Amino acid sequence: MFVEFKASFVKDLRSYVRYPAWVVGEFISTPLWFFFFAIGVTLFAPATASSSRAGGLAFFFFGFVFIILFSTSVWGVGQSIRNEQTAGTLEQFFLAPVNRATLIVGRWARVFLTDAVIITYTTLLLYLLGDGLVTLLHPVSFLLSLGLYEIALIGFGLFIAALTMRIKSYNTLSNLVFFGFMILTGALFPVTVIPMPFRYLSLVIPFTYFNDLMRHAALGSPTIFPGTPEFVVAVLLSISMLLVGFFTFNEIEKEARFRGSIGTS
Amino acid sequence: MRTRSGLKATFGALAAIFWKAIKHYTRYPGGFVIYLIMPFLFSILIFGMGQFVGGGNAASNFAVRTGTTNFVVYEILGSAVWMTSWVVVEDVGVALRDEQMKGTLEQNFLAPISRFTLLVGMSLADVVITSVIFLVVVGATMAVVLPSGFLNIFQAFLTLLIGLVPMFGIGFLFAGFVIKFKEPYVFTQLINLIFATLTGTYYPVTFLPYWVQFMSGVLPQTYVIEDMRRIVLADQTLVSLYGSVFILLTLALAYPVIGYAIFRQLERRASVTGEFSKY
């Protein structure tokens, strides 16, 4: 199992570094997205209270961490099947005597590694800018929440990857999911800002709670529900999402084999 | 016998390329729907973040800095122009790469038409696509948020049409780079983000450092966005904005000439080194 995982990880890492333009592009665009939004938001901020503005930007920063990792799940992990499909190598991969999910998990590990590097680089950049943009009050709690979030992301990535075997216009789906979740999960503003009928949608999306707990651990911001019950719910959601992801992936793969639609792009 | 040269042949070729691009859009409508939704999603994000930072005074803080309390129209105008430049960069820049990937670029280049006709044909389809995006996104917003100023949308649309010409020139430039460097997706993503940041999509460009404002000044979208905001939100007319319209017209002349010259240069080199079919 470990050998399979390692092979998948190394394969993905090799194809990543083979296109240096992608690497450079990611390193430039990630902080640029942050500055782009931050300047736009500054228009709404009070002219004098720099502390509240810095607090807001610190809040956005963790939202960006959340978004970077989430985009990994949607475009990185979820798209792995689609990439193999369009490259015409999916059948070869599925014929190999390895667990199908290994491809996904191997890709997740590579993407997590590069995400971690990009987040660290952006954090350093913002730290150098000062103004209290980078704060981490409870590192252990933060890492625990991050761990739960990552487990859920693998499950979600598996789910999305499975869908790409059924839905070929993947980009439309991924864009809608990504931007919809960016708004509804409170990534860049608290869910309390969302008007009431829509806030119910936010509250049924599991990612809202991982985001909330990560931010609570980092900045001490109030949680949506009392801390401990919310953490327990997040643990259950995280494990459930992983299981649902594996189950969906296996079922859709079986169906695709039956219909002969695995390699159709 | 079919005419292979002359004005009629050129129009025939333009029409064929135009319909091919339109068919492609209608065959994959999901991408087009995304272009219609994205301006609203980005504006909601900015607005939600702004409400959080500014609280109850968010709108008045916004008015102090921009001169208008109508942040919805302000942001949507920026978003809509950003989407149109996104379409141009993606379509004109990436279209040749798609042909390259499908193995049909050589067939296109071997057809008895000039490269300029090919690029203009691709751009013509984008005039329609971007016009629909603009009119739907801005029209819907104006109808709901600012119905009294709805008629101003036509002057704003005219500004967009003038601004599209230099944007196509930028698209020609990318088309050349794509033939040479083969990596359009990361390139276009980065360029779209840089354009959004530099052209004042969600803020006045005066918020940017001076040296960045200089770069904003050479991008047509900066003038298009600024002029549209003045027309729609400050009731100015295109005539009163003659200064920036003149700059736009100058850019409309300069960018296509420069873009096409660079495209031809890179394309000639690729024909010598045999790079057309490489991917």
# chains A, B, ... in the order shown; residues from 1 in each chain; ligands from 1
call {"tool": "closest_atom_pairs", "arguments": {"of": "chain B", "to": "chain A", "cutoff": "9 Å", "atoms": "only C-alpha atoms", "output": "tab-separated table"}}
result
residue	atom	partner	partner_atom	distance
B:Tyr28	CA	A:Ser169	CA	8.0
B:Gly30	CA	A:Thr172	CA	5.4
B:Gly31	CA	A:Thr172	CA	6.1
B:Val33	CA	A:Thr172	CA	8.2
B:Ile34	CA	A:Thr172	CA	6.7
B:Ile37	CA	A:Leu176	CA	8.7
B:Met38	CA	A:Phe179	CA	8.2
B:Leu41	CA	A:Phe179	CA	6.8
B:Phe42	CA	A:Phe179	CA	8.3
B:Ile44	CA	A:Ile183	CA	7.7
B:Leu45	CA	A:Ile183	CA	6.3
B:Ile46	CA	A:Val41	CA	6.1
B:Phe47	CA	A:Val41	CA	7.6
B:Gly48	CA	A:Phe189	CA	6.1
B:Met49	CA	A:Phe189	CA	5.2
B:Gly50	CA	A:Val41	CA	4.9
B:Gln51	CA	A:Phe44	CA	7.1
B:Phe52	CA	A:Phe189	CA	6.1
B:Val53	CA	A:Ala45	CA	5.4
B:Gly54	CA	A:Ala45	CA	4.5
B:Gly55	CA	A:Ala45	CA	8.3
B:Asn57	CA	A:Pro46	CA	7.6
B:Ala58	CA	A:Phe44	CA	4.6
B:Ala59	CA	A:Phe44	CA	6.6
B:Ser60	CA	A:Phe44	CA	7.8
B:Asn61	CA	A:Phe44	CA	5.2
B:Phe62	CA	A:Phe44	CA	4.8
B:Ala63	CA	A:Leu43	CA	8.4
B:Val64	CA	A:Leu43	CA	8.5
B:Arg65	CA	A:Leu43	CA	6.3
B:Thr66	CA	A:Leu43	CA	7.9
B:Glu183	CA	A:Ala21	CA	7.4
B:Tyr185	CA	A:Trp22	CA	8.6
B:Val186	CA	A:Trp22	CA	5.7
B:Phe187	CA	A:Gly25	CA	7.3
B:Gln189	CA	A:Gly25	CA	8.3
B:Leu190	CA	A:Ser29	CA	6.1
B:Leu193	CA	A:Trp33	CA	7.2
B:Ile194	CA	A:Leu32	CA	7.9
B:Ala196	CA	A:Phe36	CA	7.7
B:Thr197	CA	A:Phe36	CA	5.5
B:Leu198	CA	A:Phe36	CA	9.0
B:Gly200	CA	A:Gly40	CA	8.8
B:Thr201	CA	A:Gly40	CA	8.4
B:Tyr202	CA	A:Gly40	CA	5.2
B:Tyr203	CA	A:Gly40	CA	5.5
B:Phe207	CA	A:Ile39	CA	7.8
B:Leu208	CA	A:Ile39	CA	8.6
call {"tool": "write_last_selection", "arguments": {"atoms": "C-alpha atoms", "output": "tab-separated table (two decimals), in the first residue's frame"}}
result
chain	number	residue	atom	x	y	z
B	28	TYR	CA	-20.60	23.90	-24.20
B	30	GLY	CA	-21.59	25.76	-19.07
B	31	GLY	CA	-18.56	27.96	-19.67
B	33	VAL	CA	-23.02	30.49	-17.79
B	34	ILE	CA	-19.95	30.76	-15.57
B	37	ILE	CA	-22.41	34.19	-12.78
B	38	MET	CA	-18.82	35.08	-11.86
B	41	LEU	CA	-20.14	35.92	-7.13
B	42	PHE	CA	-17.03	38.11	-6.94
B	44	ILE	CA	-20.96	39.32	-3.36
B	45	LEU	CA	-17.63	38.21	-1.92
B	46	ILE	CA	-16.22	41.74	-1.89
B	47	PHE	CA	-19.45	43.12	-0.48
B	48	GLY	CA	-19.68	40.44	2.25
B	49	MET	CA	-16.07	41.05	3.26
B	50	GLY	CA	-16.67	44.80	3.19
B	51	GLN	CA	-19.77	44.51	5.39
B	52	PHE	CA	-17.73	42.52	7.92
B	53	VAL	CA	-14.90	45.06	8.03
B	54	GLY	CA	-17.01	48.20	7.83
B	55	GLY	CA	-20.06	47.07	9.80
B	57	ASN	CA	-20.78	52.24	8.20
B	58	ALA	CA	-19.56	50.13	5.30
B	59	ALA	CA	-21.61	52.01	2.69
B	60	SER	CA	-20.64	55.47	3.97
B	61	ASN	CA	-16.95	54.47	4.19
B	62	PHE	CA	-17.23	53.28	0.60
B	63	ALA	CA	-18.85	56.57	-0.46
B	64	VAL	CA	-16.06	58.63	1.13
B	65	ARG	CA	-13.48	56.79	-0.98
B	66	THR	CA	-15.32	56.41	-4.27
B	183	GLU	CA	1.67	26.99	-21.60
B	185	TYR	CA	-3.45	28.23	-18.95
B	186	VAL	CA	-1.15	29.38	-16.19
B	187	PHE	CA	-0.23	32.40	-18.28
B	189	GLN	CA	-4.83	32.85	-15.27
B	190	LEU	CA	-2.01	35.04	-14.05
B	193	LEU	CA	-5.55	38.32	-12.15
B	194	ILE	CA	-2.95	40.99	-12.92
B	196	ALA	CA	-8.08	42.68	-12.39
B	197	THR	CA	-5.61	44.09	-9.86
B	198	LEU	CA	-4.19	46.82	-12.08
B	200	GLY	CA	-9.31	48.98	-10.63
B	201	THR	CA	-11.93	46.28	-10.94
B	202	TYR	CA	-13.15	46.80	-7.36
B	203	TYR	CA	-11.43	50.05	-6.38
B	207	PHE	CA	-5.49	53.32	-4.38
B	208	LEU	CA	-2.49	51.66	-6.00
call {"tool": "residues_around", "arguments": {"residues": "B:Val72", "least_positions_apart": "6", "cutoff": "8 Å", "atoms": "only C-alpha atoms", "output": "PDB file with C-alpha atoms, in the first residue's frame"}}
result
ATOM      1  CA  SER B  43     -19.101  41.190  -6.111  1.00  0.00           C
ATOM      2  CA  THR B 141     -28.107  44.897 -12.115  1.00  0.00           C
ATOM      3  CA  VAL B 145     -30.617  48.577  -8.407  1.00  0.00           C
TER       4      VAL B 145
END
call {"tool": "residues_around", "arguments": {"residues": "A:Phe142", "least_positions_apart": "5", "cutoff": "7 Å", "atoms": "only C-alpha atoms", "output": "PyMOL selection string"}}
result
chain A and resi 214+217-218
call {"tool": "residues_around", "arguments": {"residues": "stretch 230-238 of chain A", "least_positions_apart": "6", "cutoff": "10 Å", "atoms": "only C-alpha atoms", "output": "NGL selection string"}}
result
:A and (144-145 or 147-156 or 205-210 or 212-213 or 223-224)
call {"tool": "residues_around", "arguments": {"residues": "A:Ala109", "least_positions_apart": "3", "cutoff": "10 Å", "atoms": "only C-alpha atoms", "output": "PyMOL selection string"}}
result
chain A and resi 5-6+8-10+12-13+77+104-106+112-115+154
call {"tool": "select_by_dssp", "arguments": {"residues": "stretch 15-210 of chain A", "states": "alpha helix (DSSP H)", "output": "MDAnalysis selection string"}}
result
chainID A and resid 15:17 20:42 50:71 79:87 90:95 100:129 139:166 170:184 196:204 207:210
call {"tool": "write_last_selection", "arguments": {"atoms": "C-alpha atoms", "output": "compact mmCIF listing (two decimals), in the first residue's frame"}}
result
# COMPACT_ATOMS: atom_id res chain seq x y z
CA SER A 15 4.60 16.07 -13.56
CA TYR A 16 4.20 19.15 -11.35
CA VAL A 17 7.85 20.22 -11.50
CA PRO A 20 7.89 25.32 -14.01
CA ALA A 21 5.51 27.96 -15.39
CA TRP A 22 2.76 26.46 -13.22
CA VAL A 23 4.97 26.59 -10.14
CA VAL A 24 5.96 30.21 -10.72
CA GLY A 25 2.37 31.12 -11.58
CA GLU A 26 1.05 29.64 -8.33
CA PHE A 27 3.65 31.43 -6.27
CA ILE A 28 2.79 34.78 -7.80
CA SER A 29 -0.98 34.42 -8.06
CA THR A 30 -1.69 33.19 -4.51
CA PRO A 31 -0.54 36.33 -2.65
CA LEU A 32 -1.86 38.46 -5.53
CA TRP A 33 -5.40 37.12 -5.02
CA PHE A 34 -5.12 38.10 -1.36
CA PHE A 35 -3.94 41.65 -2.13
CA PHE A 36 -6.55 42.05 -4.87
CA PHE A 37 -9.41 41.27 -2.50
CA ALA A 38 -7.81 43.09 0.43
CA ILE A 39 -7.58 46.37 -1.52
CA GLY A 40 -11.21 46.02 -2.62
CA VAL A 41 -12.34 45.47 0.94
CA THR A 42 -10.33 48.40 2.28
CA SER A 50 -6.25 50.47 11.53
CA SER A 51 -6.57 47.76 14.21
CA SER A 52 -10.00 46.70 13.02
CA ARG A 53 -8.75 46.71 9.44
CA ALA A 54 -5.77 44.54 10.41
CA GLY A 55 -8.14 42.23 12.33
CA GLY A 56 -10.30 41.95 9.24
CA LEU A 57 -7.31 41.18 7.05
CA ALA A 58 -6.10 38.51 9.51
CA PHE A 59 -9.60 37.02 9.28
CA PHE A 60 -9.34 37.01 5.46
CA PHE A 61 -5.90 35.51 5.60
CA PHE A 62 -7.20 32.36 7.30
CA GLY A 63 -10.04 32.39 4.81
CA PHE A 64 -7.42 32.31 2.09
CA VAL A 65 -5.66 29.37 3.73
CA PHE A 66 -9.04 27.61 3.78
CA ILE A 67 -9.67 28.47 0.12
CA ILE A 68 -6.23 27.37 -1.07
CA LEU A 69 -6.72 23.97 0.57
CA PHE A 70 -10.30 23.72 -0.67
CA SER A 71 -9.30 24.55 -4.25
CA GLN A 79 -9.54 16.70 -11.35
CA SER A 80 -6.96 13.90 -11.15
CA ILE A 81 -9.32 11.40 -12.75
CA ARG A 82 -10.31 13.88 -15.42
CA ASN A 83 -6.65 14.61 -16.21
CA GLU A 84 -5.89 10.90 -16.68
CA GLN A 85 -9.08 10.60 -18.74
CA THR A 86 -8.16 13.40 -21.17
CA ALA A 87 -4.56 12.19 -21.35
CA LEU A 90 -6.97 6.27 -17.12
CA GLU A 91 -7.57 2.73 -18.41
CA GLN A 92 -3.87 1.85 -18.02
CA PHE A 93 -4.00 3.13 -14.49
CA PHE A 94 -7.15 1.21 -13.66
CA LEU A 95 -5.65 -1.95 -15.14
CA ARG A 100 -7.90 3.03 -7.30
CA ALA A 101 -8.05 5.49 -4.45
CA THR A 102 -4.26 5.45 -4.28
CA LEU A 103 -4.13 7.72 -7.30
CA ILE A 104 -6.31 10.22 -5.51
CA VAL A 105 -4.51 10.05 -2.17
CA GLY A 106 -1.10 10.25 -3.85
CA ARG A 107 -2.21 13.32 -5.73
CA TRP A 108 -3.65 14.80 -2.52
CA ALA A 109 -0.29 14.35 -0.77
CA ARG A 110 1.56 16.14 -3.57
CA VAL A 111 -0.92 18.97 -3.68
CA PHE A 112 -0.89 19.27 0.12
CA LEU A 113 2.89 19.54 0.05
CA THR A 114 2.89 22.30 -2.57
CA ASP A 115 -0.01 24.06 -0.84
CA ALA A 116 1.92 24.01 2.43
CA VAL A 117 4.92 25.60 0.71
CA ILE A 118 2.75 28.28 -0.92
CA ILE A 119 0.90 29.04 2.35
CA THR A 120 4.20 29.28 4.25
CA TYR A 121 5.63 31.60 1.60
CA THR A 122 2.53 33.82 1.63
CA THR A 123 2.47 33.84 5.45
CA LEU A 124 6.09 34.97 5.52
CA LEU A 125 5.32 37.69 3.02
CA LEU A 126 2.41 38.97 5.11
CA TYR A 127 4.40 38.66 8.33
CA LEU A 128 7.07 40.88 6.84
CA LEU A 129 4.38 43.42 5.97
CA PRO A 139 -1.28 26.14 17.32
CA VAL A 140 -2.29 22.66 18.59
CA SER A 141 -6.02 23.30 18.25
CA PHE A 142 -5.36 24.81 14.84
CA LEU A 143 -3.45 21.74 13.66
CA LEU A 144 -6.20 19.46 14.98
CA SER A 145 -8.87 21.42 13.10
CA LEU A 146 -6.67 21.50 10.02
CA GLY A 147 -6.27 17.71 10.27
CA LEU A 148 -10.05 17.24 10.37
CA TYR A 149 -10.42 19.57 7.43
CA GLU A 150 -7.81 17.66 5.40
CA ILE A 151 -9.50 14.31 6.09
CA ALA A 152 -12.80 15.80 4.91
CA LEU A 153 -11.05 17.23 1.85
CA ILE A 154 -9.75 13.80 0.82
CA GLY A 155 -13.32 12.47 1.08
CA PHE A 156 -14.68 15.42 -0.86
CA GLY A 157 -11.93 15.08 -3.47
CA LEU A 158 -12.83 11.40 -3.93
CA PHE A 159 -16.48 12.37 -4.29
CA ILE A 160 -15.70 15.03 -6.92
CA ALA A 161 -13.28 12.68 -8.72
CA ALA A 162 -16.06 10.09 -8.88
CA LEU A 163 -18.43 12.68 -10.33
CA THR A 164 -15.95 13.44 -13.12
CA MET A 165 -16.46 9.87 -14.34
CA ARG A 166 -20.13 10.73 -14.77
CA TYR A 170 -16.13 19.29 -15.06
CA ASN A 171 -14.98 22.91 -15.10
CA THR A 172 -18.50 24.29 -14.86
CA LEU A 173 -19.29 22.06 -11.90
CA SER A 174 -16.01 22.81 -10.12
CA ASN A 175 -16.34 26.57 -10.62
CA LEU A 176 -19.87 26.60 -9.25
CA VAL A 177 -18.95 24.43 -6.25
CA PHE A 178 -15.83 26.43 -5.54
CA PHE A 179 -17.29 29.92 -5.69
CA GLY A 180 -20.57 28.86 -4.08
CA PHE A 181 -18.70 27.36 -1.12
CA MET A 182 -16.39 30.36 -0.90
CA ILE A 183 -19.44 32.48 -0.14
CA LEU A 184 -21.54 30.05 1.87
CA MET A 196 -31.08 34.40 7.07
CA PRO A 197 -32.64 32.02 4.54
CA PHE A 198 -29.21 31.52 2.93
CA ARG A 199 -27.49 31.11 6.29
CA TYR A 200 -29.29 27.78 6.72
CA LEU A 201 -27.43 26.57 3.62
CA SER A 202 -24.16 27.62 5.23
CA LEU A 203 -25.01 25.71 8.38
CA VAL A 204 -25.62 22.44 6.56
CA PHE A 207 -16.84 22.89 5.62
CA THR A 208 -18.38 25.83 7.47
CA TYR A 209 -17.44 24.17 10.78
CA PHE A 210 -13.86 23.26 9.85
call {"tool": "residues_around", "arguments": {"residues": "B:Phe195", "least_positions_apart": "3", "cutoff": "12 Å", "atoms": "only C-alpha atoms", "output": "ChimeraX atom specification"}}
result
/A:29,32-33,36 /B:78-79,81-86,89,167,170,188-192,198-202,205,212,215-222,225
call {"tool": "write_last_selection", "arguments": {"atoms": "N, CA and C atoms", "output": "mmCIF file, in the first residue's frame"}}
result
data_model
loop_
_atom_site.group_PDB
_atom_site.id
_atom_site.type_symbol
_atom_site.label_atom_id
_atom_site.label_comp_id
_atom_site.auth_asym_id
_atom_site.auth_seq_id
_atom_site.Cartn_x
_atom_site.Cartn_y
_atom_site.Cartn_z
ATOM 1 N N SER A 29 0.453 34.142 -8.098
ATOM 2 C CA SER A 29 -0.983 34.423 -8.060
ATOM 3 C C SER A 29 -1.589 34.290 -6.656
ATOM 4 N N LEU A 32 -1.205 37.407 -4.751
ATOM 5 C CA LEU A 32 -1.857 38.464 -5.532
ATOM 6 C C LEU A 32 -3.375 38.436 -5.342
ATOM 7 N N TRP A 33 -3.956 37.223 -5.301
ATOM 8 C CA TRP A 33 -5.395 37.116 -5.021
ATOM 9 C C TRP A 33 -5.717 37.788 -3.690
ATOM 10 N N PHE A 36 -5.465 41.567 -3.995
ATOM 11 C CA PHE A 36 -6.545 42.050 -4.865
ATOM 12 C C PHE A 36 -7.838 42.219 -4.064
ATOM 13 N N GLY B 78 -17.119 46.967 -12.687
ATOM 14 C CA GLY B 78 -15.733 46.471 -12.695
ATOM 15 C C GLY B 78 -15.688 44.986 -13.030
ATOM 16 N N SER B 79 -16.572 44.214 -12.379
ATOM 17 C CA SER B 79 -16.612 42.759 -12.604
ATOM 18 C C SER B 79 -16.919 42.430 -14.056
ATOM 19 N N VAL B 81 -16.501 44.221 -16.796
ATOM 20 C CA VAL B 81 -15.391 44.522 -17.708
ATOM 21 C C VAL B 81 -14.273 43.494 -17.526
ATOM 22 N N TRP B 82 -14.051 43.105 -16.279
ATOM 23 C CA TRP B 82 -13.031 42.074 -16.010
ATOM 24 C C TRP B 82 -13.392 40.776 -16.758
ATOM 25 N N MET B 83 -14.655 40.406 -16.716
ATOM 26 C CA MET B 83 -15.071 39.175 -17.387
ATOM 27 C C MET B 83 -14.881 39.274 -18.895
ATOM 28 N N THR B 84 -15.169 40.461 -19.456
ATOM 29 C CA THR B 84 -14.998 40.582 -20.912
ATOM 30 C C THR B 84 -13.519 40.449 -21.291
ATOM 31 N N SER B 85 -12.640 41.041 -20.485
ATOM 32 C CA SER B 85 -11.215 40.910 -20.825
ATOM 33 C C SER B 85 -10.767 39.466 -20.578
ATOM 34 N N TRP B 86 -11.392 38.808 -19.592
ATOM 35 C CA TRP B 86 -11.110 37.397 -19.304
ATOM 36 C C TRP B 86 -11.444 36.554 -20.544
ATOM 37 N N VAL B 89 -8.891 37.235 -23.406
ATOM 38 C CA VAL B 89 -7.588 36.607 -23.155
ATOM 39 C C VAL B 89 -7.708 35.087 -23.305
ATOM 40 N N MET B 167 -8.151 45.436 -26.505
ATOM 41 C CA MET B 167 -8.095 44.145 -25.796
ATOM 42 C C MET B 167 -7.815 43.014 -26.785
ATOM 43 N N ILE B 170 -4.237 42.858 -27.421
ATOM 44 C CA ILE B 170 -3.553 42.129 -26.353
ATOM 45 C C ILE B 170 -3.741 40.615 -26.577
ATOM 46 N N THR B 188 -2.595 32.692 -18.820
ATOM 47 C CA THR B 188 -3.839 33.470 -18.892
ATOM 48 C C THR B 188 -4.432 33.696 -17.495
ATOM 49 N N GLN B 189 -4.306 32.678 -16.638
ATOM 50 C CA GLN B 189 -4.828 32.853 -15.269
ATOM 51 C C GLN B 189 -4.129 34.003 -14.566
ATOM 52 N N LEU B 190 -2.807 34.002 -14.705
ATOM 53 C CA LEU B 190 -2.013 35.041 -14.050
ATOM 54 C C LEU B 190 -2.317 36.409 -14.658
ATOM 55 N N ILE B 191 -2.404 36.456 -15.968
ATOM 56 C CA ILE B 191 -2.669 37.721 -16.660
ATOM 57 C C ILE B 191 -4.055 38.258 -16.266
ATOM 58 N N ASN B 192 -5.037 37.377 -16.196
ATOM 59 C CA ASN B 192 -6.382 37.818 -15.808
ATOM 60 C C ASN B 192 -6.386 38.422 -14.410
ATOM 61 N N LEU B 198 -4.722 45.552 -11.580
ATOM 62 C CA LEU B 198 -4.190 46.824 -12.077
ATOM 63 C C LEU B 198 -5.256 47.777 -12.610
ATOM 64 N N THR B 199 -6.384 47.234 -13.064
ATOM 65 C CA THR B 199 -7.330 48.103 -13.766
ATOM 66 C C THR B 199 -8.434 48.673 -12.863
ATOM 67 N N GLY B 200 -8.331 48.409 -11.559
ATOM 68 C CA GLY B 200 -9.314 48.978 -10.633
ATOM 69 C C GLY B 200 -10.678 48.323 -10.728
ATOM 70 N N THR B 201 -10.665 47.012 -10.825
ATOM 71 C CA THR B 201 -11.934 46.278 -10.937
ATOM 72 C C THR B 201 -12.862 46.567 -9.754
ATOM 73 N N TYR B 202 -12.312 46.588 -8.549
ATOM 74 C CA TYR B 202 -13.150 46.796 -7.355
ATOM 75 C C TYR B 202 -12.762 48.030 -6.551
ATOM 76 N N VAL B 205 -8.110 53.143 -9.216
ATOM 77 C CA VAL B 205 -6.683 52.835 -9.376
ATOM 78 C C VAL B 205 -5.799 53.769 -8.553
ATOM 79 N N VAL B 212 2.606 51.467 -9.837
ATOM 80 C CA VAL B 212 1.617 50.509 -10.342
ATOM 81 C C VAL B 212 0.575 51.255 -11.200
ATOM 82 N N MET B 215 1.466 51.439 -14.736
ATOM 83 C CA MET B 215 1.140 50.229 -15.511
ATOM 84 C C MET B 215 -0.355 50.187 -15.821
ATOM 85 N N SER B 216 -1.170 50.643 -14.841
ATOM 86 C CA SER B 216 -2.623 50.687 -15.075
ATOM 87 C C SER B 216 -2.939 51.581 -16.272
ATOM 88 N N GLY B 217 -2.168 52.649 -16.402
ATOM 89 C CA GLY B 217 -2.417 53.645 -17.444
ATOM 90 C C GLY B 217 -2.245 53.133 -18.860
ATOM 91 N N VAL B 218 -1.513 52.017 -19.023
ATOM 92 C CA VAL B 218 -1.335 51.507 -20.392
ATOM 93 C C VAL B 218 -2.335 50.382 -20.702
ATOM 94 N N LEU B 219 -3.230 50.091 -19.754
ATOM 95 C CA LEU B 219 -4.221 49.036 -19.997
ATOM 96 C C LEU B 219 -5.588 49.650 -20.349
ATOM 97 N N PRO B 220 -6.182 49.216 -21.442
ATOM 98 C CA PRO B 220 -7.459 49.824 -21.870
ATOM 99 C C PRO B 220 -8.588 49.635 -20.855
ATOM 100 N N GLN B 221 -8.569 48.509 -20.146
ATOM 101 C CA GLN B 221 -9.674 48.241 -19.207
ATOM 102 C C GLN B 221 -9.763 49.322 -18.124
ATOM 103 N N THR B 222 -8.611 49.908 -17.760
ATOM 104 C CA THR B 222 -8.608 50.954 -16.728
ATOM 105 C C THR B 222 -9.530 52.095 -17.145
ATOM 106 N N ILE B 225 -13.373 50.934 -17.438
ATOM 107 C CA ILE B 225 -14.052 50.839 -16.137
ATOM 108 C C ILE B 225 -14.327 52.228 -15.567
#
call {"tool": "atom_distance", "arguments": {"atom1": "atom CA of B:Ala254", "atom2": "atom CA of B:Leu164"}}
result
12.8 Å
call {"tool": "atom_distance", "arguments": {"atom1": "atom CA of B:Gly139", "atom2": "atom CA of B:Ala234"}}
result
17.2 Å
call {"tool": "atom_distance", "arguments": {"atom1": "atom CA of B:Phe18", "atom2": "atom CA of B:Ala125"}}
result
5.1 Å
call {"tool": "decode", "arguments": {"residues": "stretch 71-82 of chain B", "atoms": "N, CA and C atoms", "output": "PDB file, in the first residue's frame"}}
result
ATOM      1  N   PHE B  71     -22.537  50.889  -4.194  1.00  0.00           N
ATOM      2  CA  PHE B  71     -21.406  49.975  -4.366  1.00  0.00           C
ATOM      3  C   PHE B  71     -21.752  48.788  -5.274  1.00  0.00           C
ATOM      4  N   VAL B  72     -23.039  48.440  -5.362  1.00  0.00           N
ATOM      5  CA  VAL B  72     -23.415  47.281  -6.186  1.00  0.00           C
ATOM      6  C   VAL B  72     -23.085  47.557  -7.656  1.00  0.00           C
ATOM      7  N   VAL B  73     -23.556  48.700  -8.163  1.00  0.00           N
ATOM      8  CA  VAL B  73     -23.303  49.040  -9.567  1.00  0.00           C
ATOM      9  C   VAL B  73     -21.804  49.263  -9.781  1.00  0.00           C
ATOM     10  N   TYR B  74     -21.165  49.931  -8.812  1.00  0.00           N
ATOM     11  CA  TYR B  74     -19.728  50.205  -8.903  1.00  0.00           C
ATOM     12  C   TYR B  74     -18.937  48.907  -9.088  1.00  0.00           C
ATOM     13  N   GLU B  75     -19.236  47.907  -8.233  1.00  0.00           N
ATOM     14  CA  GLU B  75     -18.496  46.640  -8.283  1.00  0.00           C
ATOM     15  C   GLU B  75     -18.873  45.820  -9.514  1.00  0.00           C
ATOM     16  N   ILE B  76     -20.161  45.834  -9.871  1.00  0.00           N
ATOM     17  CA  ILE B  76     -20.611  45.026 -11.006  1.00  0.00           C
ATOM     18  C   ILE B  76     -20.008  45.531 -12.319  1.00  0.00           C
ATOM     19  N   LEU B  77     -19.901  46.853 -12.457  1.00  0.00           N
ATOM     20  CA  LEU B  77     -19.289  47.405 -13.681  1.00  0.00           C
ATOM     21  C   LEU B  77     -17.844  46.917 -13.811  1.00  0.00           C
ATOM     22  N   GLY B  78     -17.119  46.967 -12.687  1.00  0.00           N
ATOM     23  CA  GLY B  78     -15.733  46.471 -12.695  1.00  0.00           C
ATOM     24  C   GLY B  78     -15.688  44.986 -13.030  1.00  0.00           C
ATOM     25  N   SER B  79     -16.572  44.214 -12.379  1.00  0.00           N
ATOM     26  CA  SER B  79     -16.612  42.759 -12.604  1.00  0.00           C
ATOM     27  C   SER B  79     -16.919  42.430 -14.056  1.00  0.00           C
ATOM     28  N   ALA B  80     -17.905  43.149 -14.623  1.00  0.00           N
ATOM     29  CA  ALA B  80     -18.341  42.839 -15.997  1.00  0.00           C
ATOM     30  C   ALA B  80     -17.214  43.105 -16.995  1.00  0.00           C
ATOM     31  N   VAL B  81     -16.501  44.221 -16.796  1.00  0.00           N
ATOM     32  CA  VAL B  81     -15.391  44.522 -17.708  1.00  0.00           C
ATOM     33  C   VAL B  81     -14.273  43.494 -17.526  1.00  0.00           C
ATOM     34  N   TRP B  82     -14.051  43.105 -16.279  1.00  0.00           N
ATOM     35  CA  TRP B  82     -13.031  42.074 -16.010  1.00  0.00           C
ATOM     36  C   TRP B  82     -13.392  40.776 -16.758  1.00  0.00           C
TER      37      TRP B  82
END
